[in-house]
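Engineer: Sending over entry_14.txt (compact mmCIF, C-alpha atoms).
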# COMPACT_ATOMS: atom_id res chain seq x y z
CA MET N 1 -11.60 -27.12 38.20
CA LEU N 2 -8.46 -29.13 37.57
CA VAL N 3 -9.75 -31.82 39.91
CA PHE N 4 -12.86 -32.21 37.76
CA GLN N 5 -11.01 -32.55 34.43
CA LEU N 6 -12.53 -34.85 31.88
CA ASP N 7 -10.19 -37.23 30.09
CA ILE N 8 -10.32 -36.14 26.45
CA LYS N 9 -8.13 -36.83 23.43
CA LYS N 10 -7.59 -33.22 22.33
CA LYS N 11 -4.20 -32.10 23.61
CA TYR N 12 -4.97 -28.39 23.73
CA GLU N 13 -8.42 -28.39 25.29
CA LEU N 14 -9.34 -28.66 28.93
CA TRP N 15 -12.83 -29.87 29.83
CA SER N 16 -14.14 -29.84 33.39
CA LEU N 17 -17.44 -30.71 35.00
CA VAL N 18 -19.30 -27.85 36.64
CA GLY N 19 -22.25 -29.56 38.26
CA PRO N 20 -23.72 -31.72 35.51
CA GLU N 21 -22.38 -29.49 32.70
CA PRO N 22 -19.03 -29.84 30.94
CA VAL N 23 -17.20 -26.56 30.27
CA ARG N 24 -14.32 -26.06 27.86
CA PHE N 25 -11.10 -24.07 28.05
CA SER N 26 -9.39 -23.88 24.67
CA LEU N 27 -7.38 -21.42 22.59
CA LEU N 28 -10.64 -19.65 21.71
CA GLU N 29 -11.54 -19.00 25.36
CA PHE N 30 -7.95 -18.02 26.13
CA GLU N 31 -7.91 -15.51 23.27
CA ASN N 32 -11.29 -14.06 24.30
CA LEU N 33 -10.18 -13.67 27.92
CA THR N 34 -6.72 -12.21 27.28
CA GLY N 35 -7.07 -10.34 24.00
CA LEU N 36 -3.60 -11.61 23.07
CA ASN N 37 -2.62 -12.40 19.49
CA CYS N 38 -3.30 -16.13 19.02
CA GLU N 39 -2.81 -16.35 15.25
CA TYR N 40 -1.29 -19.49 13.76
CA ILE N 41 2.36 -19.28 12.73
CA GLU N 42 4.80 -21.89 11.45
CA ASP N 43 7.58 -22.83 13.87
CA LEU N 44 5.84 -21.04 16.73
CA GLU N 45 8.35 -22.04 19.39
CA ARG N 46 11.45 -22.09 17.22
CA PRO N 47 11.42 -18.85 15.24
CA HIS N 48 14.46 -18.12 13.12
CA SER N 49 16.80 -15.57 14.64
CA VAL N 50 20.39 -14.69 13.91
CA VAL N 51 23.01 -14.06 16.58
CA THR N 52 24.22 -10.57 15.72
CA LYS N 53 26.70 -8.24 17.41
CA GLU N 54 23.73 -6.22 18.68
CA LEU N 55 22.16 -9.33 20.24
CA THR N 56 25.46 -10.41 21.80
CA SER N 57 25.96 -6.92 23.23
CA PHE N 58 22.42 -6.80 24.67
CA TRP N 59 22.74 -10.26 26.20
CA GLU N 60 26.05 -9.13 27.80
CA MET N 61 24.26 -6.12 29.32
CA LEU N 62 21.64 -8.54 30.68
CA GLY N 63 24.41 -10.68 32.16
CA VAL N 64 23.18 -13.74 30.26
CA HIS N 65 25.19 -16.16 28.11
CA VAL N 66 24.32 -15.66 24.42
CA GLU N 67 23.14 -19.28 24.10
CA ALA N 68 20.75 -19.03 27.07
CA GLY N 69 17.44 -17.32 27.64
CA PRO N 70 17.19 -14.93 30.59
CA SER N 71 15.43 -15.96 33.80
CA THR N 72 13.07 -13.72 35.76
CA GLN N 73 15.83 -13.40 38.34
CA GLU N 74 18.27 -12.08 35.71
CA ILE N 75 15.65 -9.68 34.29
CA ILE N 76 15.02 -8.21 37.76
CA ALA N 77 18.77 -7.76 38.29
CA ALA N 78 19.05 -6.00 34.90
CA LEU N 79 16.12 -3.71 35.78
CA GLU N 80 18.17 -2.42 38.71
CA ARG N 81 21.04 -1.31 36.47
CA CYS N 82 19.39 -0.27 33.18
CA GLU N 83 19.13 3.48 33.82
CA GLY N 84 21.84 4.39 31.30
CA TRP N 85 20.62 2.02 28.59
CA SER N 86 19.15 3.27 25.32
CA ARG N 87 15.37 3.64 25.00
CA ASP N 88 15.19 0.58 22.72
CA ASP N 89 17.25 -1.55 25.11
CA ARG N 90 15.03 -0.55 28.05
CA LYS N 91 12.00 -1.43 25.92
CA ARG N 92 13.56 -4.81 25.11
CA LEU N 93 14.14 -5.39 28.80
CA ALA N 94 10.51 -4.53 29.61
CA TYR N 95 9.29 -6.92 26.91
CA LEU N 96 11.54 -9.66 28.29
CA ALA N 97 10.08 -9.03 31.76
CA ILE N 98 6.58 -9.62 30.38
CA PHE N 99 7.77 -12.66 28.43
CA THR N 100 9.53 -14.29 31.39
CA GLY N 101 6.90 -13.36 33.98
CA TYR N 102 3.65 -13.97 32.13
CA ILE N 103 4.07 -15.69 28.77
CA GLU N 104 6.39 -18.41 30.05
CA GLY N 105 5.69 -17.84 33.74
CA ARG N 106 8.25 -20.34 34.97
CA LYS N 107 10.15 -20.61 38.23
CA TYR N 108 12.04 -17.43 39.16
CA SER N 109 15.47 -18.89 38.40
CA THR N 110 14.53 -20.97 35.32
CA PRO N 111 15.87 -19.62 32.01
CA THR N 112 13.38 -18.89 29.25
CA ARG N 113 13.65 -20.39 25.80
CA VAL N 114 16.38 -18.50 23.99
CA SER N 115 14.80 -18.89 20.53
CA LEU N 116 11.77 -16.88 21.66
CA ALA N 117 13.64 -14.43 23.88
CA ARG N 118 15.91 -13.44 20.99
CA LEU N 119 12.91 -12.07 19.09
CA VAL N 120 13.17 -9.00 21.32
CA MET N 121 16.02 -7.77 19.13
CA GLU N 122 13.50 -7.08 16.34
CA LEU N 123 11.01 -4.90 18.22
CA GLU N 124 8.30 -4.82 15.55
CA ARG N 125 8.47 -8.58 15.05
CA PHE N 126 8.35 -9.09 18.83
CA GLU N 127 5.35 -6.76 19.19
CA ASN N 128 3.41 -8.59 16.47
CA TYR N 129 4.31 -12.14 17.46
CA PRO N 130 1.41 -14.44 18.45
CA TRP N 131 2.35 -14.47 22.14
CA GLY N 132 -1.16 -15.57 23.04
CA ARG N 133 -0.64 -18.85 21.24
CA VAL N 134 2.75 -19.32 22.94
CA ALA N 135 1.29 -18.52 26.38
CA PHE N 136 -1.65 -20.86 25.82
CA LYS N 137 0.62 -23.73 24.79
CA VAL N 138 2.88 -23.25 27.84
CA LEU N 139 -0.18 -23.19 30.11
CA MET N 140 -1.80 -26.27 28.57
CA ASP N 141 1.46 -28.24 28.60
CA SER N 142 1.69 -27.39 32.30
CA VAL N 143 -1.91 -28.33 33.17
CA LYS N 144 -2.68 -31.37 31.02
CA GLY N 145 -1.69 -34.76 32.36
CA ARG N 146 -0.54 -33.33 35.68
CA ASP N 147 -0.71 -35.47 38.81
CA ILE N 148 -2.94 -33.22 40.90
CA SER N 149 -3.12 -35.48 43.93
CA GLY N 150 -0.32 -33.54 45.60
CA CYS N 151 1.25 -30.12 45.33
CA TYR N 152 2.13 -28.83 41.86
CA THR N 153 3.06 -25.66 39.99
CA ILE N 154 1.41 -24.31 36.88
CA ASN N 155 3.64 -22.55 34.34
CA GLY N 156 2.46 -19.95 31.89
CA PHE N 157 -0.26 -17.31 32.02
CA ALA N 158 -2.22 -18.98 34.83
CA GLN N 159 -4.25 -15.82 35.44
CA ALA N 160 -6.24 -16.57 32.27
CA LEU N 161 -7.18 -19.94 33.71
CA GLN N 162 -8.26 -18.26 36.96
CA VAL N 163 -10.52 -15.82 35.09
CA TRP N 164 -12.01 -18.71 33.12
CA VAL N 165 -12.83 -20.48 36.40
CA TYR N 166 -14.62 -17.34 37.64
CA THR N 167 -16.70 -17.20 34.45
CA ALA N 168 -17.46 -20.93 34.57
CA LEU N 169 -18.40 -20.75 38.27
CA PRO N 170 -20.14 -17.39 38.70
CA GLU N 171 -21.31 -18.35 42.19
CA LEU N 172 -17.67 -18.01 43.35
CA GLY N 173 -18.09 -14.24 43.12
CA VAL N 174 -21.27 -14.23 45.23
CA VAL N 175 -20.77 -13.66 48.94
Step by step, read the file and then write its structure as structure tokens.
Structural biologist:
Amino acid sequence: MLVFQLDIKKKYELWSLVGPEPVRFSLLEFENLTGLNCEYIEDLERPHSVVTKELTSFWEMLGVHVEAGPSTQEIIAALERCEGWSRDDRKRLAYLAIFTGYIEGRKYSTPTRVSLARLVMELERFENYPWGRVAFKVLMDSVKGRDISGCYTINGFAQALQVWVYTALPELGVV
């Protein structure tokens, strides 16, 4: 599907040719496929957060510098030693695992964006954040304008793109 991309002006839409028909992948399709919250919010990728003693303490337990976002590698290491942590801290760690592994979906050792990772300190705010919109933007920034003549990596929630391909090409599921 990425090989058959149409060159369009809209930054956050992907159009591909399936036979003679163009098919679209946009925020609407992403939201329908994932069910994630894709509501609009100001400063989506730079939400305001304050460095508190609680945040500093949690980041220390993670083994991450307070000015950095955790990587998947650091989250996995923390999962191995979190047994004695409070229920809320274990919940924060689980949310960070989802954030690093699926929402941002970057290389194993690449740190996540600290401004978004810090939201985990306010559990209700984290739970209600429009992560679908964040995940979609990461995915589209990774896919659009990519040189696909060689090997490349897609960041973000690539599984949504895979499901979209299956719906756009139903004959893939026929054996």
Engineer: Nearest residue to Gly63 (chain N) out of N:Arg81, N:His48, N:Val114, N:Glu127, using all atoms listed in the file?
Structural biologist: N:Arg81
Engineer: Compile the contact shell of Ala158 (chain N) as a ChimeraX atom specification: residues with an atom at most 12 Å away, counting only C-alpha atoms, same-chain residues fewer than 6 positions apart removed.
Structural biologist: /N:30,33-34,101-106,135-143,164-165
Engineer: Do you have the CA of Leu62 (chain N)-CA of Ile75 (chain N) distance handy?
Structural biologist: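 Interatomic distance here is 7.1 Å.
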Engineer: Step by step: start from the point (17.2, 1.6, 23.6) in the file's coordinates, keep every protein, DNA or RNA residue that has an atom no farther than 12 Å from it, count only C-alpha atoms, and write the set as a list in words.
Structural biologist: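 Applying the cut-off with only C-alpha atoms, one gets Glu54, Phe58, Met61, Cys82, Glu83, Gly84, Trp85, Ser86, Arg87, Asp88, Asp89, Arg90, Lys91, Arg92, Leu93, Ala94, Val120, Met121, Glu122 and Leu123 of chain N.
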Engineer: For CA of Pro22 (chain N) and CA of Tyr166 (chain N), determine how far apart the two atoms are, in Å to one decimal place.
Structural biologist: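 We find that CA of Pro22 (chain N) and CA of Tyr166 (chain N) lie 14.9 Å from each other.
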Engineer: Can you pull out every residue within 12 Å of Asp43 (chain N), counting only C-alpha atoms, but drop anything in the same chain fewer than 3 positions away, and send it as a ChimeraX atom specification?
Structural biologist: /N:40,46-49,115-116,129-130,133-134
Engineer: Restricting the calculation to all atoms listed in the file: of N:Pro70, N:Arg113, N:Leu27, N:Phe157, which residue gets closest to Glu39 (chain N)?
Structural biologist: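 Going through N:Pro70, N:Arg113, N:Leu27, N:Phe157 one by one, the smallest distance to Glu39 (chain N) is for N:Leu27.
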Engineer: Could you please determine the separation between CA of Ser71 (chain N) and CA of Ala117 (chain N) in Å, to one decimal place?
Structural biologist: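 For CA of Ser71 (chain N) relative to CA of Ala117 (chain N), the distance reads 10.2 Å.
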Engineer: Measuring between all atoms listed in the file, which one of N:Leu55, N:Pro111, N:Ile41, N:Tyr12 shows the shortest distance to Thr72 (chain N)?
Structural biologist: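 Answer, going by the shortest atom-to-atom distance: N:Pro111.
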Engineer: With all atoms listed in the file as the atoms that count, which of N:Glu74, N:Glu80, N:Glu60, N:Glu124 lies nearest to Ser109 (chain N)?
Structural biologist: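 Result for the nearest residue to Ser109 (chain N): N:Glu74.
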Engineer: Given the choices N:Asp7, N:Leu96, N:Arg118, N:Val66, which gets closest to Leu79 (chain N) if the distance is worked out from all atoms listed in the file?
Structural biologist: N:Leu96
Engineer: So, with all atoms listed in the file as the atoms that count, which of N:Lys107, N:Thr100, N:Gln73, N:Phe126 lies closest to Thr153 (chain N)?
Structural biologist: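 Smallest separation from Thr153 (chain N) among the options: N:Lys107.
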Engineer: What lies within 12 Å of Phe25 (chain N) using only C-alpha atoms, ignoring chain neighbours under 6 positions off, as a PDB file with C-alpha atoms, keeping the file's coordinate frame?
Structural biologist:
ATOM      1  CA  MET N   1     -11.600 -27.120  38.200  1.00  0.00           C
ATOM      2  CA  LEU N   2      -8.460 -29.130  37.570  1.00  0.00           C
ATOM      3  CA  GLN N   5     -11.010 -32.550  34.430  1.00  0.00           C
ATOM      4  CA  LEU N   6     -12.530 -34.850  31.880  1.00  0.00           C
ATOM      5  CA  LYS N  10      -7.590 -33.220  22.330  1.00  0.00           C
ATOM      6  CA  LYS N  11      -4.200 -32.100  23.610  1.00  0.00           C
ATOM      7  CA  TYR N  12      -4.970 -28.390  23.730  1.00  0.00           C
ATOM      8  CA  GLU N  13      -8.420 -28.390  25.290  1.00  0.00           C
ATOM      9  CA  LEU N  14      -9.340 -28.660  28.930  1.00  0.00           C
ATOM     10  CA  TRP N  15     -12.830 -29.870  29.830  1.00  0.00           C
ATOM     11  CA  SER N  16     -14.140 -29.840  33.390  1.00  0.00           C
ATOM     12  CA  LEU N  17     -17.440 -30.710  35.000  1.00  0.00           C
ATOM     13  CA  GLU N  31      -7.910 -15.510  23.270  1.00  0.00           C
ATOM     14  CA  ASN N  32     -11.290 -14.060  24.300  1.00  0.00           C
ATOM     15  CA  LEU N  33     -10.180 -13.670  27.920  1.00  0.00           C
ATOM     16  CA  PHE N 136      -1.650 -20.860  25.820  1.00  0.00           C
ATOM     17  CA  LEU N 139      -0.180 -23.190  30.110  1.00  0.00           C
ATOM     18  CA  MET N 140      -1.800 -26.270  28.570  1.00  0.00           C
ATOM     19  CA  VAL N 143      -1.910 -28.330  33.170  1.00  0.00           C
ATOM     20  CA  LYS N 144      -2.680 -31.370  31.020  1.00  0.00           C
ATOM     21  CA  ALA N 160      -6.240 -16.570  32.270  1.00  0.00           C
ATOM     22  CA  LEU N 161      -7.180 -19.940  33.710  1.00  0.00           C
ATOM     23  CA  GLN N 162      -8.260 -18.260  36.960  1.00  0.00           C
ATOM     24  CA  VAL N 163     -10.520 -15.820  35.090  1.00  0.00           C
ATOM     25  CA  TRP N 164     -12.010 -18.710  33.120  1.00  0.00           C
ATOM     26  CA  VAL N 165     -12.830 -20.480  36.400  1.00  0.00           C
ATOM     27  CA  THR N 167     -16.700 -17.200  34.450  1.00  0.00           C
ATOM     28  CA  ALA N 168     -17.460 -20.930  34.570  1.00  0.00           C
TER      29      ALA N 168
END
Engineer: As an mmCIF file, in the frame of the given file, could you write out region 28-61 of chain N once it has been completed with N, CA and C atoms?
Structural biologist:
data_model
loop_
_atom_site.group_PDB
_atom_site.id
_atom_site.type_symbol
_atom_site.label_atom_id
_atom_site.label_comp_id
_atom_site.auth_asym_id
_atom_site.auth_seq_id
_atom_site.Cartn_x
_atom_site.Cartn_y
_atom_site.Cartn_z
ATOM 1 N N LEU N 28 -9.595 -20.654 21.950
ATOM 2 C CA LEU N 28 -10.640 -19.650 21.710
ATOM 3 C C LEU N 28 -11.000 -18.907 23.002
ATOM 4 N N GLU N 29 -11.233 -19.642 24.082
ATOM 5 C CA GLU N 29 -11.540 -19.000 25.360
ATOM 6 C C GLU N 29 -10.356 -18.181 25.864
ATOM 7 N N PHE N 30 -9.161 -18.728 25.706
ATOM 8 C CA PHE N 30 -7.950 -18.020 26.130
ATOM 9 C C PHE N 30 -7.824 -16.693 25.390
ATOM 10 N N GLU N 31 -8.014 -16.725 24.076
ATOM 11 C CA GLU N 31 -7.910 -15.510 23.270
ATOM 12 C C GLU N 31 -8.981 -14.494 23.671
ATOM 13 N N ASN N 32 -10.212 -14.962 23.894
ATOM 14 C CA ASN N 32 -11.290 -14.060 24.300
ATOM 15 C C ASN N 32 -11.027 -13.423 25.657
ATOM 16 N N LEU N 33 -10.458 -14.185 26.573
ATOM 17 C CA LEU N 33 -10.180 -13.670 27.920
ATOM 18 C C LEU N 33 -9.005 -12.706 27.955
ATOM 19 N N THR N 34 -7.962 -13.000 27.187
ATOM 20 C CA THR N 34 -6.720 -12.210 27.280
ATOM 21 C C THR N 34 -6.616 -11.107 26.243
ATOM 22 N N GLY N 35 -7.231 -11.295 25.085
ATOM 23 C CA GLY N 35 -7.070 -10.340 24.000
ATOM 24 C C GLY N 35 -5.716 -10.429 23.317
ATOM 25 N N LEU N 36 -4.925 -11.441 23.671
ATOM 26 C CA LEU N 36 -3.600 -11.610 23.070
ATOM 27 C C LEU N 36 -3.704 -12.170 21.658
ATOM 28 N N ASN N 37 -2.702 -11.889 20.851
ATOM 29 C CA ASN N 37 -2.620 -12.400 19.490
ATOM 30 C C ASN N 37 -2.408 -13.915 19.536
ATOM 31 N N CYS N 38 -3.368 -14.660 19.010
ATOM 32 C CA CYS N 38 -3.300 -16.130 19.020
ATOM 33 C C CYS N 38 -3.274 -16.701 17.607
ATOM 34 N N GLU N 39 -2.854 -15.897 16.640
ATOM 35 C CA GLU N 39 -2.810 -16.350 15.250
ATOM 36 C C GLU N 39 -1.865 -17.536 15.093
ATOM 37 N N TYR N 40 -2.159 -18.356 14.083
ATOM 38 C CA TYR N 40 -1.290 -19.490 13.760
ATOM 39 C C TYR N 40 -0.034 -18.969 13.079
ATOM 40 N N ILE N 41 1.090 -19.589 13.391
ATOM 41 C CA ILE N 41 2.360 -19.280 12.730
ATOM 42 C C ILE N 41 3.186 -20.556 12.679
ATOM 43 N N GLU N 42 3.894 -20.743 11.575
ATOM 44 C CA GLU N 42 4.800 -21.890 11.450
ATOM 45 C C GLU N 42 5.943 -21.732 12.456
ATOM 46 N N ASP N 43 6.445 -22.832 12.944
ATOM 47 C CA ASP N 43 7.580 -22.830 13.870
ATOM 48 C C ASP N 43 7.378 -21.855 15.035
ATOM 49 N N LEU N 44 6.230 -21.948 15.654
ATOM 50 C CA LEU N 44 5.840 -21.040 16.730
ATOM 51 C C LEU N 44 6.898 -20.930 17.822
ATOM 52 N N GLU N 45 7.421 -22.054 18.258
ATOM 53 C CA GLU N 45 8.350 -22.040 19.390
ATOM 54 C C GLU N 45 9.815 -22.054 18.979
ATOM 55 N N ARG N 46 10.070 -22.109 17.710
ATOM 56 C CA ARG N 46 11.450 -22.090 17.220
ATOM 57 C C ARG N 46 11.582 -21.103 16.056
ATOM 58 N N PRO N 47 11.297 -19.825 16.318
ATOM 59 C CA PRO N 47 11.420 -18.850 15.240
ATOM 60 C C PRO N 47 12.878 -18.645 14.856
ATOM 61 N N HIS N 48 13.094 -18.344 13.600
ATOM 62 C CA HIS N 48 14.460 -18.120 13.120
ATOM 63 C C HIS N 48 14.966 -16.779 13.645
ATOM 64 N N SER N 49 16.137 -16.808 14.224
ATOM 65 C CA SER N 49 16.800 -15.570 14.640
ATOM 66 C C SER N 49 18.301 -15.758 14.467
ATOM 67 N N VAL N 50 18.955 -14.665 14.159
ATOM 68 C CA VAL N 50 20.390 -14.690 13.910
ATOM 69 C C VAL N 50 21.104 -14.034 15.089
ATOM 70 N N VAL N 51 22.203 -14.642 15.511
ATOM 71 C CA VAL N 51 23.010 -14.060 16.580
ATOM 72 C C VAL N 51 23.872 -12.964 15.960
ATOM 73 N N THR N 52 23.510 -11.732 16.254
ATOM 74 C CA THR N 52 24.220 -10.570 15.720
ATOM 75 C C THR N 52 25.080 -9.941 16.817
ATOM 76 N N LYS N 53 25.901 -8.973 16.419
ATOM 77 C CA LYS N 53 26.700 -8.240 17.410
ATOM 78 C C LYS N 53 25.784 -7.494 18.378
ATOM 79 N N GLU N 54 24.685 -6.953 17.840
ATOM 80 C CA GLU N 54 23.730 -6.220 18.680
ATOM 81 C C GLU N 54 23.101 -7.153 19.727
ATOM 82 N N LEU N 55 22.736 -8.355 19.313
ATOM 83 C CA LEU N 55 22.160 -9.330 20.240
ATOM 84 C C LEU N 55 23.187 -9.724 21.299
ATOM 85 N N THR N 56 24.401 -10.018 20.868
ATOM 86 C CA THR N 56 25.460 -10.410 21.800
ATOM 87 C C THR N 56 25.712 -9.301 22.818
ATOM 88 N N SER N 57 25.742 -8.065 22.352
ATOM 89 C CA SER N 57 25.960 -6.920 23.230
ATOM 90 C C SER N 57 24.813 -6.773 24.241
ATOM 91 N N PHE N 58 23.577 -6.922 23.773
ATOM 92 C CA PHE N 58 22.420 -6.800 24.670
ATOM 93 C C PHE N 58 22.410 -7.916 25.704
ATOM 94 N N TRP N 59 22.702 -9.130 25.269
ATOM 95 C CA TRP N 59 22.740 -10.260 26.200
ATOM 96 C C TRP N 59 23.843 -10.049 27.262
ATOM 97 N N GLU N 60 24.976 -9.447 26.839
ATOM 98 C CA GLU N 60 26.050 -9.130 27.800
ATOM 99 C C GLU N 60 25.555 -8.118 28.830
ATOM 100 N N MET N 61 24.811 -7.104 28.374
ATOM 101 C CA MET N 61 24.260 -6.120 29.320
ATOM 102 C C MET N 61 23.292 -6.800 30.291
#
